[in-house]
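This is model.txt (compact mmCIF, N, CA and C atoms and all ligand atoms).
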# COMPACT_ATOMS: atom_id res chain seq x y z
N MET A 1 158.89 60.43 78.54
CA MET A 1 158.90 61.87 78.46
C MET A 1 160.03 62.28 77.53
N SER A 2 159.73 63.16 76.64
CA SER A 2 160.73 63.59 75.68
C SER A 2 160.78 65.11 75.63
N PHE A 3 161.94 65.62 75.43
CA PHE A 3 162.10 67.05 75.24
C PHE A 3 163.36 67.27 74.40
N LEU A 4 163.58 68.51 74.05
CA LEU A 4 164.70 68.85 73.19
C LEU A 4 165.83 69.47 74.01
N LEU A 5 167.04 69.15 73.61
CA LEU A 5 168.23 69.75 74.20
C LEU A 5 169.07 70.32 73.07
N GLU A 6 169.72 71.44 73.33
CA GLU A 6 170.60 72.02 72.33
C GLU A 6 172.05 71.73 72.68
N CYS A 7 172.68 70.90 71.88
CA CYS A 7 174.11 70.65 72.06
C CYS A 7 174.86 71.91 71.60
N PRO A 8 175.82 72.39 72.38
CA PRO A 8 176.56 73.60 71.96
C PRO A 8 177.31 73.41 70.64
N ASN A 9 177.62 72.17 70.29
CA ASN A 9 178.34 71.92 69.04
C ASN A 9 177.41 71.58 67.88
N CYS A 10 176.35 70.81 68.12
CA CYS A 10 175.54 70.24 67.04
C CYS A 10 174.18 70.89 66.85
N GLY A 11 173.68 71.57 67.85
CA GLY A 11 172.37 72.17 67.75
C GLY A 11 171.30 71.36 68.47
N VAL A 12 170.04 71.63 68.13
CA VAL A 12 168.90 71.03 68.85
C VAL A 12 168.71 69.58 68.41
N ARG A 13 168.57 68.70 69.42
CA ARG A 13 168.33 67.28 69.18
C ARG A 13 167.35 66.75 70.23
N GLU A 14 166.78 65.57 69.95
CA GLU A 14 165.94 64.89 70.94
C GLU A 14 166.79 64.51 72.15
N VAL A 15 166.18 64.50 73.30
CA VAL A 15 166.92 64.18 74.52
C VAL A 15 167.46 62.75 74.49
N THR A 16 166.86 61.89 73.68
CA THR A 16 167.33 60.50 73.58
C THR A 16 168.71 60.41 72.93
N ASP A 17 169.19 61.49 72.32
CA ASP A 17 170.54 61.53 71.77
C ASP A 17 171.60 61.70 72.87
N PHE A 18 171.15 62.05 74.07
CA PHE A 18 172.08 62.47 75.12
C PHE A 18 172.05 61.52 76.31
N GLY A 19 173.13 61.54 77.05
CA GLY A 19 173.19 60.84 78.32
C GLY A 19 173.20 61.85 79.45
N PHE A 20 172.48 61.53 80.52
CA PHE A 20 172.40 62.42 81.67
C PHE A 20 173.57 62.14 82.60
N GLY A 21 174.26 63.19 83.02
CA GLY A 21 175.43 63.03 83.88
C GLY A 21 175.23 63.48 85.30
N GLY A 22 174.01 63.83 85.66
CA GLY A 22 173.75 64.24 87.03
C GLY A 22 173.89 65.73 87.22
N GLU A 23 173.49 66.18 88.39
CA GLU A 23 173.55 67.61 88.67
C GLU A 23 174.99 68.05 88.93
N VAL A 24 175.25 69.30 88.62
CA VAL A 24 176.56 69.87 88.87
C VAL A 24 176.73 70.04 90.37
N SER A 25 177.86 69.59 90.88
CA SER A 25 178.11 69.75 92.31
C SER A 25 179.51 70.31 92.51
N GLY A 26 179.73 70.83 93.69
CA GLY A 26 181.02 71.45 94.00
C GLY A 26 182.08 70.41 94.30
N ARG A 27 183.12 70.40 93.50
CA ARG A 27 184.20 69.44 93.69
C ARG A 27 185.14 69.94 94.78
N PRO A 28 185.55 69.08 95.71
CA PRO A 28 186.50 69.53 96.74
C PRO A 28 187.79 70.05 96.11
N GLN A 29 188.30 71.16 96.62
CA GLN A 29 189.48 71.80 96.03
C GLN A 29 190.78 71.20 96.55
N GLN A 30 190.83 70.91 97.79
CA GLN A 30 192.03 70.35 98.41
C GLN A 30 191.80 68.88 98.71
N ARG A 31 192.73 68.28 99.40
CA ARG A 31 192.53 66.90 99.83
C ARG A 31 191.33 66.88 100.78
N PRO A 32 190.25 66.22 100.39
CA PRO A 32 189.02 66.30 101.19
C PRO A 32 189.09 65.41 102.42
N THR A 33 188.33 65.81 103.41
CA THR A 33 188.15 64.93 104.56
C THR A 33 187.23 63.80 104.13
N PHE A 34 187.14 62.78 104.93
CA PHE A 34 186.25 61.66 104.63
C PHE A 34 184.81 62.14 104.47
N ARG A 35 184.42 63.05 105.33
CA ARG A 35 183.05 63.59 105.30
C ARG A 35 182.80 64.39 104.02
N GLU A 36 183.76 65.23 103.63
CA GLU A 36 183.62 66.02 102.39
C GLU A 36 183.56 65.10 101.17
N LEU A 37 184.35 64.07 101.18
CA LEU A 37 184.36 63.13 100.06
C LEU A 37 183.03 62.38 99.96
N ASN A 38 182.49 61.96 101.09
CA ASN A 38 181.18 61.32 101.09
C ASN A 38 180.10 62.26 100.58
N THR A 39 180.16 63.51 101.01
CA THR A 39 179.19 64.50 100.57
C THR A 39 179.26 64.68 99.06
N TYR A 40 180.49 64.81 98.55
CA TYR A 40 180.67 64.99 97.11
C TYR A 40 180.18 63.78 96.32
N ASN A 41 180.45 62.61 96.81
CA ASN A 41 180.09 61.39 96.06
C ASN A 41 178.62 61.01 96.15
N TYR A 42 177.99 61.25 97.29
CA TYR A 42 176.67 60.64 97.51
C TYR A 42 175.51 61.59 97.71
N PHE A 43 175.75 62.84 98.06
CA PHE A 43 174.62 63.72 98.34
C PHE A 43 174.28 64.58 97.14
N ARG A 44 173.01 64.63 96.81
CA ARG A 44 172.52 65.47 95.73
C ARG A 44 171.38 66.32 96.27
N ARG A 45 171.18 67.49 95.63
CA ARG A 45 170.12 68.39 96.09
C ARG A 45 168.76 67.92 95.60
N ASN A 46 168.70 67.35 94.39
CA ASN A 46 167.46 66.81 93.84
C ASN A 46 166.33 67.82 93.91
N VAL A 47 166.56 69.00 93.37
CA VAL A 47 165.61 70.10 93.49
C VAL A 47 164.40 69.91 92.58
N ALA A 48 163.29 70.45 92.99
CA ALA A 48 162.13 70.59 92.13
C ALA A 48 162.18 72.02 91.63
N GLY A 49 162.88 72.25 90.53
CA GLY A 49 163.06 73.60 90.01
C GLY A 49 164.26 73.63 89.09
N VAL A 50 164.86 74.79 88.98
CA VAL A 50 165.98 74.97 88.05
C VAL A 50 167.27 74.45 88.69
N GLN A 51 167.98 73.64 87.94
CA GLN A 51 169.28 73.18 88.38
C GLN A 51 170.21 73.02 87.19
N ARG A 52 171.50 73.05 87.48
CA ARG A 52 172.51 72.81 86.45
C ARG A 52 172.88 71.34 86.44
N GLU A 53 173.03 70.81 85.20
CA GLU A 53 173.27 69.38 85.04
C GLU A 53 174.33 69.13 83.99
N TRP A 54 174.98 67.98 84.11
CA TRP A 54 175.91 67.51 83.09
C TRP A 54 175.15 66.65 82.09
N TRP A 55 175.42 66.89 80.82
CA TRP A 55 174.85 66.06 79.75
C TRP A 55 175.96 65.68 78.79
N PHE A 56 175.80 64.52 78.15
CA PHE A 56 176.79 63.97 77.24
C PHE A 56 176.11 63.68 75.91
N HIS A 57 176.65 64.20 74.82
CA HIS A 57 176.03 63.97 73.51
C HIS A 57 176.55 62.65 72.94
N ARG A 58 175.95 61.57 73.39
CA ARG A 58 176.45 60.24 73.05
C ARG A 58 176.18 59.84 71.60
N SER A 59 175.16 60.39 70.96
CA SER A 59 174.86 60.05 69.56
C SER A 59 175.31 61.14 68.60
N GLY A 60 176.19 61.99 69.07
CA GLY A 60 176.65 63.09 68.22
C GLY A 60 178.13 63.33 68.40
N CYS A 61 178.47 64.51 68.88
CA CYS A 61 179.87 64.91 68.97
C CYS A 61 180.59 64.32 70.18
N ARG A 62 179.86 63.66 71.08
CA ARG A 62 180.42 63.00 72.26
C ARG A 62 181.07 64.00 73.23
N ALA A 63 180.55 65.20 73.24
CA ALA A 63 181.06 66.22 74.17
C ALA A 63 180.19 66.28 75.42
N TRP A 64 180.84 66.57 76.54
CA TRP A 64 180.12 66.87 77.78
C TRP A 64 179.80 68.35 77.79
N PHE A 65 178.61 68.69 78.25
CA PHE A 65 178.26 70.11 78.38
C PHE A 65 177.32 70.28 79.56
N ILE A 66 177.06 71.53 79.88
CA ILE A 66 176.22 71.88 81.02
C ILE A 66 174.90 72.43 80.52
N ALA A 67 173.82 71.98 81.12
CA ALA A 67 172.49 72.51 80.80
C ALA A 67 171.85 72.99 82.09
N GLU A 68 171.10 74.06 81.97
CA GLU A 68 170.30 74.53 83.09
C GLU A 68 168.86 74.19 82.76
N ARG A 69 168.25 73.32 83.58
CA ARG A 69 166.94 72.76 83.25
C ARG A 69 166.02 72.86 84.46
N ASP A 70 164.75 73.15 84.18
CA ASP A 70 163.74 73.12 85.23
C ASP A 70 163.25 71.67 85.33
N THR A 71 163.50 71.04 86.45
CA THR A 71 163.18 69.61 86.60
C THR A 71 161.66 69.36 86.65
N ARG A 72 160.89 70.39 86.89
CA ARG A 72 159.43 70.21 86.93
C ARG A 72 158.82 70.19 85.54
N THR A 73 159.38 70.99 84.63
CA THR A 73 158.78 71.13 83.30
C THR A 73 159.68 70.65 82.17
N ASN A 74 160.93 70.32 82.49
CA ASN A 74 161.95 69.97 81.49
C ASN A 74 162.25 71.12 80.53
N GLU A 75 161.91 72.33 80.92
CA GLU A 75 162.29 73.48 80.12
C GLU A 75 163.79 73.73 80.30
N VAL A 76 164.51 73.77 79.19
CA VAL A 76 165.96 73.99 79.24
C VAL A 76 166.22 75.47 79.06
N LYS A 77 166.86 76.07 80.06
CA LYS A 77 167.11 77.52 80.04
C LYS A 77 168.30 77.86 79.15
N PHE A 78 169.36 77.10 79.26
CA PHE A 78 170.51 77.29 78.37
C PHE A 78 171.40 76.06 78.44
N THR A 79 172.25 75.93 77.43
CA THR A 79 173.29 74.91 77.43
C THR A 79 174.60 75.59 77.06
N ALA A 80 175.71 75.06 77.56
CA ALA A 80 177.02 75.64 77.26
C ALA A 80 178.10 74.60 77.53
N LEU A 81 179.20 74.75 76.82
CA LEU A 81 180.37 73.94 77.13
C LEU A 81 180.88 74.37 78.50
N PRO A 82 181.52 73.48 79.24
CA PRO A 82 181.91 73.80 80.62
C PRO A 82 182.71 75.10 80.75
N GLY A 83 183.61 75.37 79.84
CA GLY A 83 184.41 76.59 79.93
C GLY A 83 183.63 77.85 79.63
N ASP A 84 182.48 77.70 78.95
CA ASP A 84 181.68 78.85 78.56
C ASP A 84 180.58 79.18 79.55
N ALA A 85 180.25 78.24 80.44
CA ALA A 85 179.17 78.46 81.40
C ALA A 85 179.63 79.43 82.47
N SER A 86 178.78 80.37 82.82
CA SER A 86 179.12 81.32 83.88
C SER A 86 179.10 80.60 85.21
N ASN A 87 179.77 81.18 86.18
CA ASN A 87 179.84 80.55 87.50
C ASN A 87 178.65 80.88 88.38
N ASP A 88 177.81 81.83 87.94
CA ASP A 88 176.66 82.18 88.78
C ASP A 88 175.49 81.24 88.48
N ASP A 89 175.61 80.03 88.97
CA ASP A 89 174.57 79.04 88.74
C ASP A 89 173.37 79.34 89.64
N PRO A 90 172.23 78.69 89.38
CA PRO A 90 171.02 79.02 90.14
C PRO A 90 171.22 78.75 91.62
N ALA A 91 171.07 79.79 92.40
CA ALA A 91 171.13 79.69 93.86
C ALA A 91 172.45 79.13 94.36
N GLY A 92 173.52 79.36 93.63
CA GLY A 92 174.83 78.90 94.08
C GLY A 92 174.90 77.40 94.26
N GLN A 93 174.31 76.68 93.34
CA GLN A 93 174.15 75.24 93.46
C GLN A 93 175.44 74.49 93.75
N ALA A 94 176.48 74.80 93.01
CA ALA A 94 177.71 74.02 93.14
C ALA A 94 178.30 74.13 94.54
N SER A 95 178.29 75.31 95.09
CA SER A 95 178.89 75.47 96.40
C SER A 95 177.93 75.10 97.52
N ARG A 96 176.65 75.02 97.20
CA ARG A 96 175.67 74.78 98.25
C ARG A 96 175.61 73.31 98.67
N VAL A 97 175.96 72.40 97.80
CA VAL A 97 175.84 70.98 98.12
C VAL A 97 176.57 70.67 99.41
N ALA A 98 177.81 71.08 99.49
CA ALA A 98 178.58 70.79 100.68
C ALA A 98 178.03 71.53 101.89
N ALA A 99 177.62 72.78 101.68
CA ALA A 99 177.13 73.57 102.81
C ALA A 99 175.80 73.03 103.33
N ASP A 100 174.93 72.59 102.42
CA ASP A 100 173.62 72.08 102.84
C ASP A 100 173.74 70.85 103.71
N THR A 101 174.59 69.94 103.30
CA THR A 101 174.69 68.70 104.06
C THR A 101 175.49 68.94 105.32
N GLY A 102 176.55 69.75 105.23
CA GLY A 102 177.32 70.10 106.41
C GLY A 102 177.79 68.92 107.22
N GLY A 103 177.68 67.74 106.67
CA GLY A 103 178.11 66.56 107.37
C GLY A 103 177.11 66.04 108.37
N ASP A 104 176.00 66.75 108.56
CA ASP A 104 175.01 66.33 109.55
C ASP A 104 174.29 65.04 109.18
N LEU A 105 174.32 64.69 107.91
CA LEU A 105 173.58 63.52 107.48
C LEU A 105 174.40 62.25 107.53
N LEU A 106 175.65 62.37 107.90
CA LEU A 106 176.50 61.17 107.93
C LEU A 106 176.34 60.39 109.21
ZN ZN B 201 176.91 67.45 69.92
Could I get this file's structure written as structure tokens?
Amino acid sequence: MSFLLECPNCGVREVTDFGFGGEVSGRPQQRPTFRELNTYNYFRRNVAGVQREWWFHRSGCRAWFIAERDTRTNEVKFTALPGDASNDDPAGQASRVAADTGGDLL
């Protein structure tokens, strides 16, 4: 499966130019409990729909950036460097990871 991604620095390229870094998740702010650390390291939402993801332009500028992509269609809604991406991600994804698992799955 192939699709196009727009690097914020280089422009539109084939997805094979990039490395996938996984979905954006909420990083613990303080010293995490064992449960919070496990949640951060191992639990993913794996949505069928729009999610924010980390991508790395390995065959270009070698920058990490954020893309919002529909996992069902591979339609990319936008890409941005981390400092330029707004914090209102789809359905509060970053903060929801910890809340969804709530430690019940451990
Ligand atoms: Zn690039």
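Residues lying within 12 Å of Trp54 of chain A, counting only C-alpha atoms and ignoring same-chain neighbours fewer than 3 positions away, are Leu5, Cys7, Phe18, Gly19, Phe20, Gly21, Gly22, Glu23, Val24, Ser25, Gln51, His57, Ala63, Trp64, Phe65, Ile66, Ala67, Glu68, Arg69, Thr79, Ala80, Leu81, Pro82 and Ala85 of chain A.
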Q.
Taking only chain A into account, list the residues labelled strand (DSSP E) by DSSP (computed from the backbone), as number ranges by chain.
A. A: 4-7, 11-14, 19-23, 50-56, 64-70, 76-80
Write to file, as a compact mmCIF listing (two decimals), in the frame of the given file, the residues of the selection just made, with N, CA and C atoms.
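After the write, again_34.txt holds the following:
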# COMPACT_ATOMS: atom_id res chain seq x y z
N LEU A 4 163.58 68.51 74.05
CA LEU A 4 164.70 68.85 73.19
C LEU A 4 165.83 69.47 74.01
N LEU A 5 167.04 69.15 73.61
CA LEU A 5 168.23 69.75 74.20
C LEU A 5 169.07 70.32 73.07
N GLU A 6 169.72 71.44 73.33
CA GLU A 6 170.60 72.02 72.33
C GLU A 6 172.05 71.73 72.68
N CYS A 7 172.68 70.90 71.88
CA CYS A 7 174.11 70.65 72.06
C CYS A 7 174.86 71.91 71.60
N GLY A 11 173.68 71.57 67.85
CA GLY A 11 172.37 72.17 67.75
C GLY A 11 171.30 71.36 68.47
N VAL A 12 170.04 71.63 68.13
CA VAL A 12 168.90 71.03 68.85
C VAL A 12 168.71 69.58 68.41
N ARG A 13 168.57 68.70 69.42
CA ARG A 13 168.33 67.28 69.18
C ARG A 13 167.35 66.75 70.23
N GLU A 14 166.78 65.57 69.95
CA GLU A 14 165.94 64.89 70.94
C GLU A 14 166.79 64.51 72.15
N GLY A 19 173.13 61.54 77.05
CA GLY A 19 173.19 60.84 78.32
C GLY A 19 173.20 61.85 79.45
N PHE A 20 172.48 61.53 80.52
CA PHE A 20 172.40 62.42 81.67
C PHE A 20 173.57 62.14 82.60
N GLY A 21 174.26 63.19 83.02
CA GLY A 21 175.43 63.03 83.88
C GLY A 21 175.23 63.48 85.30
N GLY A 22 174.01 63.83 85.66
CA GLY A 22 173.75 64.24 87.03
C GLY A 22 173.89 65.73 87.22
N GLU A 23 173.49 66.18 88.39
CA GLU A 23 173.55 67.61 88.67
C GLU A 23 174.99 68.05 88.93
N VAL A 50 164.86 74.79 88.98
CA VAL A 50 165.98 74.97 88.05
C VAL A 50 167.27 74.45 88.69
N GLN A 51 167.98 73.64 87.94
CA GLN A 51 169.28 73.18 88.38
C GLN A 51 170.21 73.02 87.19
N ARG A 52 171.50 73.05 87.48
CA ARG A 52 172.51 72.81 86.45
C ARG A 52 172.88 71.34 86.44
N GLU A 53 173.03 70.81 85.20
CA GLU A 53 173.27 69.38 85.04
C GLU A 53 174.33 69.13 83.99
N TRP A 54 174.98 67.98 84.11
CA TRP A 54 175.91 67.51 83.09
C TRP A 54 175.15 66.65 82.09
N TRP A 55 175.42 66.89 80.82
CA TRP A 55 174.85 66.06 79.75
C TRP A 55 175.96 65.68 78.79
N PHE A 56 175.80 64.52 78.15
CA PHE A 56 176.79 63.97 77.24
C PHE A 56 176.11 63.68 75.91
N TRP A 64 180.84 66.57 76.54
CA TRP A 64 180.12 66.87 77.78
C TRP A 64 179.80 68.35 77.79
N PHE A 65 178.61 68.69 78.25
CA PHE A 65 178.26 70.11 78.38
C PHE A 65 177.32 70.28 79.56
N ILE A 66 177.06 71.53 79.88
CA ILE A 66 176.22 71.88 81.02
C ILE A 66 174.90 72.43 80.52
N ALA A 67 173.82 71.98 81.12
CA ALA A 67 172.49 72.51 80.80
C ALA A 67 171.85 72.99 82.09
N GLU A 68 171.10 74.06 81.97
CA GLU A 68 170.30 74.53 83.09
C GLU A 68 168.86 74.19 82.76
N ARG A 69 168.25 73.32 83.58
CA ARG A 69 166.94 72.76 83.25
C ARG A 69 166.02 72.86 84.46
N ASP A 70 164.75 73.15 84.18
CA ASP A 70 163.74 73.12 85.23
C ASP A 70 163.25 71.67 85.33
N VAL A 76 164.51 73.77 79.19
CA VAL A 76 165.96 73.99 79.24
C VAL A 76 166.22 75.47 79.06
N LYS A 77 166.86 76.07 80.06
CA LYS A 77 167.11 77.52 80.04
C LYS A 77 168.30 77.86 79.15
N PHE A 78 169.36 77.10 79.26
CA PHE A 78 170.51 77.29 78.37
C PHE A 78 171.40 76.06 78.44
N THR A 79 172.25 75.93 77.43
CA THR A 79 173.29 74.91 77.43
C THR A 79 174.60 75.59 77.06
N ALA A 80 175.71 75.06 77.56
CA ALA A 80 177.02 75.64 77.26
C ALA A 80 178.10 74.60 77.53
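Considering all atoms listed in the file, every residue of the polymer chains approaching ligand ZN 201 (chain B) to 6 Å or closer is listed here: Cys7, Pro8, Asn9, Cys10, Gly11, His57, Gly60, Cys61, Arg62 and Ala63 of chain A.
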Q) Which value, in Å to one decimal, gives the distance between atom CA of Asp70 of chain A and atom N of Thr16 of chain A? A) 16.4 Å
Q) If you run DSSP on the backbone, which residues of chain A are helix (DSSP H, G or I), as a PyMOL selection string? A) chain A and resi 15-17+34-42+90-101
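Straight-line separation from atom C of Phe34 of chain A to atom C of Asn46 of chain A: 22.0 Å.
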Q | Interatomic distance, atom C of Arg44 of chain A to atom N of Val12 of chain A (Å, one decimal) | A | 28.7 Å
Q: Between A:Thr71, A:Glu6, A:Asn38, A:Thr33, single out the one closest to Val50 of chain A, counting all atoms listed in the file.
A: A:Thr71
